[in-house]
Amino acid sequence: SDLKKEVEFADNWARDFPKNYQVWYHRRWVITEMIAEIKQTSKTPDEADQRIRELGQRELEYHDDVMQVNNDFKNYNGWSHRQFIVSRFKMWDKELDFVDGLLLDDIRNNSAWNHRYTVVKNTTWPITDAVRKREIVYTLGKLRRCAENESAWNYLAAFLGEGEGRKPWNSEPEVETFVGQVLAQAPDPLQRCRFAVEVLAKIREAQGQTAQAAEEYSALAQIDRIRKAYWEWKRDAVLRRS
């Protein structure tokens, strides 16, 4: 059929030019049309559901294949297509395992971390305490392998702090314990992990220890001098609220 030919055309196009957003948008249109065709040509609703599920699975495998062929697991357009597929076909169930595999290969893959949060948002929201705990424990496990991984620290901040789905920074004692362990490994105060120092400052803020929080922000102004003005602003803001 014409739709099958279009998919084959898009197959080669995306493999050769995976960062061309037009090919991914065109592919989504083709897939949407194929779903409609399947519904029209299937003899029963069960048959249609099965064929649609198989189509979705092929698309997930195709996305993985394109990433592997190009050795690029951080392609925004490819990830957008994957999110379209798992959402359109309701195939979120195996995505956490898929992400975990990618993070085992590259723990700093920010795209994989972002996708993990998307999976959580689409499968367990409003978030429960159990899911939040699971994600915090998972993230701390990854940080134990690489404490200087900014992506993992950012992911941790998706569940702690202020805002929807979050709890205060001081609500999970194991986070403060881990931060203390990371900071204790630094041979010099100015060589401390800046991400851990920032989290410690946030924990002290949540505990109402504004002077200690301000002290950590002052330290960050020395550790992370590129953002010196920002950390000084954070310090001053904390002191104004005290």
# chains A, B, ... in the order shown; residues from 1 in each chain; ligands from 1

call {"tool": "residues_around", "arguments": {"residues": "Arg235 in chain A", "least_positions_apart": "2", "cutoff": "12 Å", "atoms": "only C-alpha atoms", "output": "list in words"}}
result
Glu198, Ala201, Lys202, Glu205, Thr210, Ala211, Gln212, Ala213, Ala214, Glu215, Glu216, Tyr217, Ser218, Ala219, Leu220, Ala221, Lys228, Ala229, Tyr230, Trp231, Glu232, Trp233, Ala237, Val238, Leu239, Arg240, Arg241 and Ser242 of chain A

call {"tool": "write_last_selection", "arguments": {"atoms": "N, CA and C atoms", "output": "PDB file, in the first residue's frame"}}
result
ATOM      1  N   GLU A 198      24.874  22.348  46.812  1.00  0.00           N
ATOM      2  CA  GLU A 198      23.592  23.016  46.567  1.00  0.00           C
ATOM      3  C   GLU A 198      22.454  22.281  47.264  1.00  0.00           C
ATOM      4  N   ALA A 201      22.514  23.018  50.889  1.00  0.00           N
ATOM      5  CA  ALA A 201      21.950  24.347  51.150  1.00  0.00           C
ATOM      6  C   ALA A 201      20.422  24.288  51.161  1.00  0.00           C
ATOM      7  N   LYS A 202      19.847  23.541  50.224  1.00  0.00           N
ATOM      8  CA  LYS A 202      18.385  23.414  50.165  1.00  0.00           C
ATOM      9  C   LYS A 202      17.846  22.666  51.376  1.00  0.00           C
ATOM     10  N   GLU A 205      17.862  25.069  54.239  1.00  0.00           N
ATOM     11  CA  GLU A 205      16.725  25.989  54.103  1.00  0.00           C
ATOM     12  C   GLU A 205      15.442  25.333  54.592  1.00  0.00           C
ATOM     13  N   THR A 210      18.703  29.032  58.249  1.00  0.00           N
ATOM     14  CA  THR A 210      19.031  29.983  57.179  1.00  0.00           C
ATOM     15  C   THR A 210      20.497  30.401  57.176  1.00  0.00           C
ATOM     16  N   ALA A 211      21.089  30.541  58.351  1.00  0.00           N
ATOM     17  CA  ALA A 211      22.503  30.947  58.406  1.00  0.00           C
ATOM     18  C   ALA A 211      23.390  29.880  57.765  1.00  0.00           C
ATOM     19  N   GLN A 212      23.086  28.614  58.057  1.00  0.00           N
ATOM     20  CA  GLN A 212      23.871  27.522  57.479  1.00  0.00           C
ATOM     21  C   GLN A 212      23.639  27.423  55.971  1.00  0.00           C
ATOM     22  N   ALA A 213      22.386  27.663  55.561  1.00  0.00           N
ATOM     23  CA  ALA A 213      22.087  27.636  54.125  1.00  0.00           C
ATOM     24  C   ALA A 213      22.849  28.744  53.414  1.00  0.00           C
ATOM     25  N   ALA A 214      22.846  29.932  54.003  1.00  0.00           N
ATOM     26  CA  ALA A 214      23.571  31.059  53.406  1.00  0.00           C
ATOM     27  C   ALA A 214      25.065  30.762  53.323  1.00  0.00           C
ATOM     28  N   GLU A 215      25.582  30.080  54.325  1.00  0.00           N
ATOM     29  CA  GLU A 215      27.001  29.726  54.324  1.00  0.00           C
ATOM     30  C   GLU A 215      27.334  28.811  53.149  1.00  0.00           C
ATOM     31  N   GLU A 216      26.435  27.861  52.865  1.00  0.00           N
ATOM     32  CA  GLU A 216      26.675  26.945  51.738  1.00  0.00           C
ATOM     33  C   GLU A 216      26.579  27.681  50.399  1.00  0.00           C
ATOM     34  N   TYR A 217      25.654  28.630  50.306  1.00  0.00           N
ATOM     35  CA  TYR A 217      25.556  29.408  49.059  1.00  0.00           C
ATOM     36  C   TYR A 217      26.803  30.283  48.875  1.00  0.00           C
ATOM     37  N   SER A 218      27.341  30.785  49.966  1.00  0.00           N
ATOM     38  CA  SER A 218      28.592  31.549  49.878  1.00  0.00           C
ATOM     39  C   SER A 218      29.731  30.647  49.397  1.00  0.00           C
ATOM     40  N   ALA A 219      29.726  29.410  49.875  1.00  0.00           N
ATOM     41  CA  ALA A 219      30.745  28.456  49.444  1.00  0.00           C
ATOM     42  C   ALA A 219      30.602  28.162  47.952  1.00  0.00           C
ATOM     43  N   LEU A 220      29.365  28.058  47.489  1.00  0.00           N
ATOM     44  CA  LEU A 220      29.130  27.806  46.069  1.00  0.00           C
ATOM     45  C   LEU A 220      29.645  28.948  45.200  1.00  0.00           C
ATOM     46  N   ALA A 221      29.592  30.170  45.721  1.00  0.00           N
ATOM     47  CA  ALA A 221      30.111  31.324  44.972  1.00  0.00           C
ATOM     48  C   ALA A 221      31.619  31.199  44.749  1.00  0.00           C
ATOM     49  N   LYS A 228      29.010  32.885  40.180  1.00  0.00           N
ATOM     50  CA  LYS A 228      29.250  33.566  41.460  1.00  0.00           C
ATOM     51  C   LYS A 228      28.117  34.531  41.812  1.00  0.00           C
ATOM     52  N   ALA A 229      27.715  35.354  40.865  1.00  0.00           N
ATOM     53  CA  ALA A 229      26.664  36.341  41.138  1.00  0.00           C
ATOM     54  C   ALA A 229      25.335  35.657  41.483  1.00  0.00           C
ATOM     55  N   TYR A 230      25.061  34.535  40.812  1.00  0.00           N
ATOM     56  CA  TYR A 230      23.810  33.809  41.090  1.00  0.00           C
ATOM     57  C   TYR A 230      23.804  33.269  42.507  1.00  0.00           C
ATOM     58  N   TRP A 231      24.913  32.635  42.921  1.00  0.00           N
ATOM     59  CA  TRP A 231      24.951  32.059  44.257  1.00  0.00           C
ATOM     60  C   TRP A 231      24.909  33.142  45.337  1.00  0.00           C
ATOM     61  N   GLU A 232      25.507  34.271  45.066  1.00  0.00           N
ATOM     62  CA  GLU A 232      25.424  35.375  46.026  1.00  0.00           C
ATOM     63  C   GLU A 232      23.992  35.898  46.123  1.00  0.00           C
ATOM     64  N   TRP A 233      23.305  35.923  44.990  1.00  0.00           N
ATOM     65  CA  TRP A 233      21.896  36.324  45.004  1.00  0.00           C
ATOM     66  C   TRP A 233      21.077  35.336  45.815  1.00  0.00           C
ATOM     67  N   ALA A 237      19.006  36.178  49.205  1.00  0.00           N
ATOM     68  CA  ALA A 237      17.572  35.908  49.256  1.00  0.00           C
ATOM     69  C   ALA A 237      17.212  35.102  50.491  1.00  0.00           C
ATOM     70  N   VAL A 238      18.042  34.134  50.830  1.00  0.00           N
ATOM     71  CA  VAL A 238      17.824  33.342  52.027  1.00  0.00           C
ATOM     72  C   VAL A 238      17.890  34.208  53.282  1.00  0.00           C
ATOM     73  N   LEU A 239      18.871  35.064  53.336  1.00  0.00           N
ATOM     74  CA  LEU A 239      19.031  35.926  54.504  1.00  0.00           C
ATOM     75  C   LEU A 239      17.878  36.926  54.646  1.00  0.00           C
ATOM     76  N   ARG A 240      17.362  37.389  53.510  1.00  0.00           N
ATOM     77  CA  ARG A 240      16.222  38.327  53.561  1.00  0.00           C
ATOM     78  C   ARG A 240      14.971  37.657  54.118  1.00  0.00           C
ATOM     79  N   ARG A 241      14.852  36.360  53.868  1.00  0.00           N
ATOM     80  CA  ARG A 241      13.662  35.635  54.348  1.00  0.00           C
ATOM     81  C   ARG A 241      13.769  35.246  55.805  1.00  0.00           C
ATOM     82  N   SER A 242      14.943  35.360  56.380  1.00  0.00           N
ATOM     83  CA  SER A 242      15.126  34.928  57.781  1.00  0.00           C
ATOM     84  C   SER A 242      14.587  35.974  58.761  1.00  0.00           C
TER      85      SER A 242
END

call {"tool": "residues_around", "arguments": {"residues": "range 125-136 of chain A", "least_positions_apart": "2", "cutoff": "7 Å", "atoms": "only C-alpha atoms", "output": "VMD selection string"}}
result
chain A and resid 121 to 123 138 to 140 156 159 165

call {"tool": "closest_residue", "arguments": {"among": "A:Phe84, A:Asn114, A:Asp65, A:Val179", "to": "Leu96 in chain A", "atoms": "only C-alpha atoms"}}
result
A:Asn114

call {"tool": "closest_residue", "arguments": {"among": "A:Pro18, A:Cys146, A:Leu3, A:Val197", "to": "Ile38 in chain A", "atoms": "only C-alpha atoms"}}
result
A:Leu3

call {"tool": "residues_around", "arguments": {"residues": "range 141-143 of chain A", "least_positions_apart": "4", "cutoff": "9 Å", "atoms": "only C-alpha atoms", "output": "NGL selection string"}}
result
:A and (103 or 107 or 136-137 or 147-149 or 152-153)

call {"tool": "closest_residue", "arguments": {"among": "A:Leu104, A:Thr118, A:Trp169, A:Trp113", "to": "Val86 in chain A", "atoms": "only C-alpha atoms"}}
result
A:Thr118

call {"tool": "atom_distance", "arguments": {"atom1": "CA of Lys74 in chain A", "atom2": "CA of Asn110 in chain A"}}
result
7.5 Å

call {"tool": "atom_distance", "arguments": {"atom1": "CA of Arg145 in chain A", "atom2": "CA of Ala184 in chain A"}}
result
15.9 Å

call {"tool": "select_by_dssp", "arguments": {"residues": "range 110-191 of chain A", "states": "helix (DSSP H, G or I)", "output": "number ranges by chain"}}
result
A: 110-123, 129-145, 150-156, 169-171, 173-184, 189-191

call {"tool": "write_last_selection", "arguments": {"atoms": "C-alpha atoms", "output": "CSV table (one decimal), in the first residue's frame"}}
result
chain,number,residue,atom,x,y,z
A,110,ASN,CA,20.2,13.5,30.1
A,111,SER,CA,17.6,12.4,27.5
A,112,ALA,CA,17.1,9.1,29.2
A,113,TRP,CA,16.7,10.8,32.6
A,114,ASN,CA,14.1,13.1,31.1
A,115,HIS,CA,12.2,10.2,29.5
A,116,ARG,CA,12.2,8.4,32.8
A,117,TYR,CA,10.4,11.3,34.4
A,118,THR,CA,7.9,11.4,31.5
A,119,VAL,CA,7.2,7.8,32.1
A,120,VAL,CA,6.6,8.4,35.8
A,121,LYS,CA,4.3,11.4,35.0
A,122,ASN,CA,2.2,9.3,32.6
A,123,THR,CA,1.9,6.1,34.7
A,129,ASP,CA,4.9,8.3,48.5
A,130,ALA,CA,6.0,4.8,47.4
A,131,VAL,CA,6.8,5.9,43.8
A,132,ARG,CA,8.6,9.0,45.0
A,133,LYS,CA,10.7,6.9,47.4
A,134,ARG,CA,11.4,4.4,44.6
A,135,GLU,CA,12.7,7.1,42.3
A,136,ILE,CA,14.8,8.8,45.1
A,137,VAL,CA,16.4,5.5,46.0
A,138,TYR,CA,17.0,4.7,42.3
A,139,THR,CA,18.7,8.1,41.7
A,140,LEU,CA,20.9,7.9,44.8
A,141,GLY,CA,22.0,4.5,43.5
A,142,LYS,CA,23.1,6.1,40.2
A,143,LEU,CA,24.8,9.0,42.0
A,144,ARG,CA,26.8,6.6,44.1
A,145,ARG,CA,28.4,5.5,40.7
A,150,GLU,CA,24.3,16.8,37.0
A,151,SER,CA,21.4,14.9,35.2
A,152,ALA,CA,20.8,12.7,38.2
A,153,TRP,CA,20.9,15.6,40.7
A,154,ASN,CA,18.4,17.4,38.5
A,155,TYR,CA,16.2,14.3,38.4
A,156,LEU,CA,16.3,14.1,42.2
A,169,TRP,CA,14.3,18.5,50.9
A,170,ASN,CA,14.6,17.5,54.5
A,171,SER,CA,11.8,14.9,54.3
A,173,PRO,CA,17.0,11.6,55.7
A,174,GLU,CA,19.0,9.3,53.3
A,175,VAL,CA,19.5,12.2,50.9
A,176,GLU,CA,21.2,14.3,53.6
A,177,THR,CA,23.2,11.2,54.6
A,178,PHE,CA,24.4,10.7,51.0
A,179,VAL,CA,25.2,14.3,50.5
A,180,GLY,CA,27.4,14.2,53.7
A,181,GLN,CA,29.2,11.2,52.3
A,182,VAL,CA,29.9,12.9,49.0
A,183,LEU,CA,31.2,16.1,50.6
A,184,ALA,CA,33.4,14.2,53.0
A,189,PRO,CA,36.5,22.6,50.7
A,190,LEU,CA,36.8,24.3,47.3
A,191,GLN,CA,36.8,20.9,45.6

call {"tool": "atom_distance", "arguments": {"atom1": "CA of Met91 in chain A", "atom2": "CA of Val69 in chain A"}}
result
23.3 Å

call {"tool": "residues_around", "arguments": {"residues": "Asp105 in chain A", "least_positions_apart": "5", "cutoff": "12 Å", "atoms": "only C-alpha atoms", "output": "VMD selection string"}}
result
chain A and resid 71 73 98 to 100 112 142

call {"tool": "decode", "arguments": {"residues": "range 178-193 of chain A", "atoms": "all heavy atoms", "output": "compact mmCIF listing (two decimals), in the first residue's frame"}}
result
# COMPACT_ATOMS: atom_id res chain seq x y z
N PHE A 178 23.57 10.84 52.24
CA PHE A 178 24.37 10.66 51.03
C PHE A 178 25.17 11.91 50.70
O PHE A 178 26.36 11.83 50.35
CB PHE A 178 23.46 10.29 49.86
CG PHE A 178 24.18 10.25 48.54
CD1 PHE A 178 25.07 9.23 48.25
CD2 PHE A 178 23.98 11.26 47.60
CE1 PHE A 178 25.76 9.21 47.04
CE2 PHE A 178 24.67 11.24 46.38
CZ PHE A 178 25.56 10.21 46.11
N VAL A 179 24.54 13.07 50.82
CA VAL A 179 25.23 14.33 50.54
C VAL A 179 26.44 14.48 51.46
O VAL A 179 27.53 14.87 51.03
CB VAL A 179 24.27 15.53 50.71
CG1 VAL A 179 25.04 16.84 50.77
CG2 VAL A 179 23.27 15.56 49.56
N GLY A 180 26.26 14.14 52.73
CA GLY A 180 27.38 14.21 53.67
C GLY A 180 28.52 13.29 53.27
O GLY A 180 29.70 13.66 53.39
N GLN A 181 28.18 12.11 52.76
CA GLN A 181 29.21 11.16 52.33
C GLN A 181 29.98 11.71 51.13
O GLN A 181 31.20 11.57 51.05
CB GLN A 181 28.56 9.83 51.98
CG GLN A 181 27.97 9.10 53.18
CD GLN A 181 27.09 7.93 52.79
OE1 GLN A 181 26.74 7.75 51.62
NE2 GLN A 181 26.74 7.10 53.76
N VAL A 182 29.26 12.31 50.19
CA VAL A 182 29.91 12.87 49.00
C VAL A 182 30.84 14.00 49.39
O VAL A 182 32.00 14.07 48.93
CB VAL A 182 28.85 13.36 47.99
CG1 VAL A 182 29.53 14.13 46.84
CG2 VAL A 182 28.05 12.20 47.44
N LEU A 183 30.36 14.90 50.23
CA LEU A 183 31.16 16.07 50.60
C LEU A 183 32.38 15.68 51.43
O LEU A 183 33.43 16.33 51.36
CB LEU A 183 30.29 17.07 51.37
CG LEU A 183 29.12 17.67 50.58
CD1 LEU A 183 28.31 18.61 51.45
CD2 LEU A 183 29.63 18.38 49.34
N ALA A 184 32.26 14.60 52.20
CA ALA A 184 33.38 14.17 53.04
C ALA A 184 34.55 13.64 52.22
O ALA A 184 35.68 13.57 52.72
CB ALA A 184 32.90 13.10 54.02
N GLN A 185 34.29 13.28 50.98
CA GLN A 185 35.35 12.72 50.13
C GLN A 185 36.24 13.79 49.51
O GLN A 185 37.32 13.47 48.98
CB GLN A 185 34.72 11.88 49.02
CG GLN A 185 33.99 10.63 49.52
CD GLN A 185 33.26 9.90 48.41
OE1 GLN A 185 33.39 10.25 47.23
NE2 GLN A 185 32.49 8.90 48.78
N ALA A 186 35.80 15.06 49.56
CA ALA A 186 36.58 16.13 48.94
C ALA A 186 37.85 16.41 49.74
O ALA A 186 37.79 16.59 50.97
CB ALA A 186 35.73 17.39 48.83
N PRO A 187 39.00 16.47 49.07
CA PRO A 187 40.26 16.75 49.79
C PRO A 187 40.37 18.20 50.24
O PRO A 187 41.18 18.52 51.12
CB PRO A 187 41.33 16.42 48.74
CG PRO A 187 40.64 16.64 47.42
CD PRO A 187 39.22 16.24 47.64
N ASP A 188 39.56 19.06 49.66
CA ASP A 188 39.62 20.49 49.96
C ASP A 188 38.20 21.05 49.87
O ASP A 188 37.43 20.64 48.99
CB ASP A 188 40.54 21.21 48.97
CG ASP A 188 40.67 22.69 49.27
OD1 ASP A 188 39.81 23.47 48.78
OD2 ASP A 188 41.60 23.06 49.99
N PRO A 189 37.81 21.98 50.74
CA PRO A 189 36.46 22.56 50.70
C PRO A 189 36.08 23.14 49.34
O PRO A 189 34.93 23.08 48.92
CB PRO A 189 36.49 23.64 51.78
CG PRO A 189 37.52 23.16 52.74
CD PRO A 189 38.57 22.49 51.90
N LEU A 190 37.06 23.70 48.63
CA LEU A 190 36.78 24.29 47.32
C LEU A 190 36.68 23.25 46.21
O LEU A 190 36.36 23.59 45.08
CB LEU A 190 37.86 25.32 46.97
CG LEU A 190 37.87 26.58 47.84
CD1 LEU A 190 39.01 27.51 47.41
CD2 LEU A 190 36.53 27.30 47.77
N GLN A 191 36.95 22.00 46.55
CA GLN A 191 36.84 20.92 45.57
C GLN A 191 35.61 20.06 45.83
O GLN A 191 35.45 19.00 45.22
CB GLN A 191 38.10 20.06 45.59
CG GLN A 191 39.34 20.80 45.11
CD GLN A 191 40.58 19.92 45.17
OE1 GLN A 191 40.81 19.19 46.14
NE2 GLN A 191 41.38 19.97 44.12
N ARG A 192 34.74 20.52 46.69
CA ARG A 192 33.53 19.76 46.97
C ARG A 192 32.61 19.75 45.75
O ARG A 192 32.59 20.68 44.95
CB ARG A 192 32.79 20.35 48.16
CG ARG A 192 33.52 20.20 49.49
CD ARG A 192 32.65 20.66 50.66
NE ARG A 192 32.28 22.07 50.55
CZ ARG A 192 31.34 22.66 51.29
NH1 ARG A 192 30.66 21.93 52.17
NH2 ARG A 192 31.08 23.93 51.15
N CYS A 193 31.85 18.67 45.60
CA CYS A 193 30.88 18.54 44.51
C CYS A 193 29.84 19.65 44.63
O CYS A 193 29.12 19.72 45.62
CB CYS A 193 30.21 17.17 44.58
SG CYS A 193 28.80 16.97 43.46
